[in-house]
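Asks: Got a structure here, written out as structure tokens. Questions coming.
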Amino acid sequence: MDVRNKNEGAKGRVEGVENDETSPESTGLFYMEILNQDELKKLKAEFSRLKNSCYLDHAGASLYAESQIASHFSELQTNIYSNPHSRNPSSTITTDAIDFVRHKILAHFGTTADEYTVIFTSGATSALKIVAESFEFNGGNPH
Ligand SMILES: Cc1ncc(COP(=O)(O)O)c(C=O)c1O
């Protein structure tokens with residue numbers, strides 16, 4: 001949600017407005033809605049397990065939506081996924097699934113496998129560690 005302070009410092013009672021300490025007139029804060037009621041309802045349904053909690057780590061550790069859990073569960077229940085490095089039917093569909101996701105990621109960033117490589121890691125810390133250990137800082141010069 002985009003929060004804009006259009007009237008910084010505006011405090012106190014505005015004529016004809018209820019003296020609500022949380023109102024825009026009292027706080028100087030104005031909110032611009034970016035989701036309509038239908039979108040908001042869908043979003044709330046996807047994260048209903050949050051109840052009244054406020055989760056603030058989406059950028060670092062994003063929560064999975066309920067539709068993602070259902071879809072993932074269905075995938076695991078329907079298919080047999082196995083080690084992608086072998087040559088058998090379950091390995092082949094695993095390799096295909098990984099390639100599909102790799103290409104979706106590249107397409108999301110408007111690029112292709114000719115330009116970038118997608119490397120799957122266990123998380124952000126693991127990814128940063130790989131970069132720190134393998135990037136040729138200083139042009140590859142160890143000194
Ligand atoms: C608050 C917080 N969220 C998310 C992360 C990312 O976790 P991960 O490295 O497991 O992806 C970290 C990493 O330190 C973190 O401190």
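We label chains A, B, ... in the order they appear in the structure tokens, count residues from 1 in each chain, and number ligands from 1 in the order shown.
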Show me which residues are within 8 Å of ligand 1 counting only C-alpha atoms and all ligand atoms, and format the list as a PyMOL selection string.
Replies: chain A and resi 57-61+122-127
Asks: Just asking: which residues within range 4-118 of chain A are helix (DSSP H, G or I) according to DSSP, as a PyMOL selection string?
Replies: chain A and resi 24-27+37-46+48-50+66-78+89-108
Asks: For the residues selected in the previous step, produce a file with C-alpha atoms as a short mmCIF file (atom, residue, chain, number, x, y, z; two decimals), in the first residue's frame.
Replies:
```cif
data_model
loop_
_atom_site.label_atom_id
_atom_site.label_comp_id
_atom_site.auth_asym_id
_atom_site.auth_seq_id
_atom_site.Cartn_x
_atom_site.Cartn_y
_atom_site.Cartn_z
CA PRO A 24 -6.24 11.69 7.81
CA GLU A 25 -7.21 15.15 9.02
CA SER A 26 -5.77 14.42 12.47
CA THR A 27 -2.68 12.46 11.51
CA GLN A 37 -12.36 -4.86 -2.68
CA ASP A 38 -12.39 -8.09 -4.75
CA GLU A 39 -8.59 -8.19 -4.94
CA LEU A 40 -8.33 -7.50 -1.23
CA LYS A 41 -10.80 -10.31 -0.46
CA LYS A 42 -8.77 -12.76 -2.60
CA LEU A 43 -5.53 -11.69 -0.96
CA LYS A 44 -6.98 -12.12 2.54
CA ALA A 45 -8.23 -15.60 1.59
CA GLU A 46 -4.73 -16.58 0.39
CA SER A 48 -6.12 -16.40 6.14
CA ARG A 49 -3.74 -18.28 8.47
CA LEU A 50 -2.20 -14.94 9.42
CA GLU A 66 -2.82 -21.03 0.15
CA SER A 67 -3.36 -21.59 -3.60
CA GLN A 68 0.39 -22.29 -3.94
CA ILE A 69 0.19 -24.87 -1.15
CA ALA A 70 -2.82 -26.55 -2.80
CA SER A 71 -1.15 -26.54 -6.22
CA HIS A 72 2.11 -27.90 -4.83
CA PHE A 73 0.28 -30.59 -2.85
CA SER A 74 -1.57 -31.65 -5.98
CA GLU A 75 1.70 -31.84 -7.97
CA LEU A 76 3.34 -34.02 -5.32
CA GLN A 77 0.27 -36.21 -5.01
CA THR A 78 -0.08 -36.72 -8.77
CA PRO A 89 10.58 -41.35 -16.25
CA SER A 90 10.45 -39.78 -12.78
CA SER A 91 13.83 -38.10 -13.32
CA THR A 92 12.73 -36.82 -16.71
CA ILE A 93 9.62 -35.10 -15.36
CA THR A 94 11.72 -33.62 -12.56
CA THR A 95 14.22 -32.24 -15.08
CA ASP A 96 11.34 -30.88 -17.18
CA ALA A 97 9.79 -29.18 -14.12
CA ILE A 98 13.12 -27.56 -13.21
CA ASP A 99 13.64 -26.36 -16.81
CA PHE A 100 10.10 -25.00 -16.91
CA VAL A 101 10.64 -22.98 -13.72
CA ARG A 102 14.06 -21.82 -14.94
CA HIS A 103 12.55 -20.46 -18.13
CA LYS A 104 9.65 -18.84 -16.26
CA ILE A 105 12.18 -17.01 -14.06
CA LEU A 106 14.18 -15.85 -17.08
CA ALA A 107 10.99 -14.70 -18.83
CA HIS A 108 9.90 -12.84 -15.69
#
```
Asks: Rounded to one decimal in Å, what is the spacing between CA of Ile80 in chain A and CA of Leu63 in chain A?
Replies: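 Computing the Euclidean distance for CA of Ile80 in chain A and CA of Leu63 in chain A yields 25.5 Å.
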Asks: Any idea what the distance is between CA of Ser62 in chain A and CA of Phe109 in chain A?
Replies: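 Value for the CA of Ser62 in chain A-CA of Phe109 in chain A distance: 18.5 Å.
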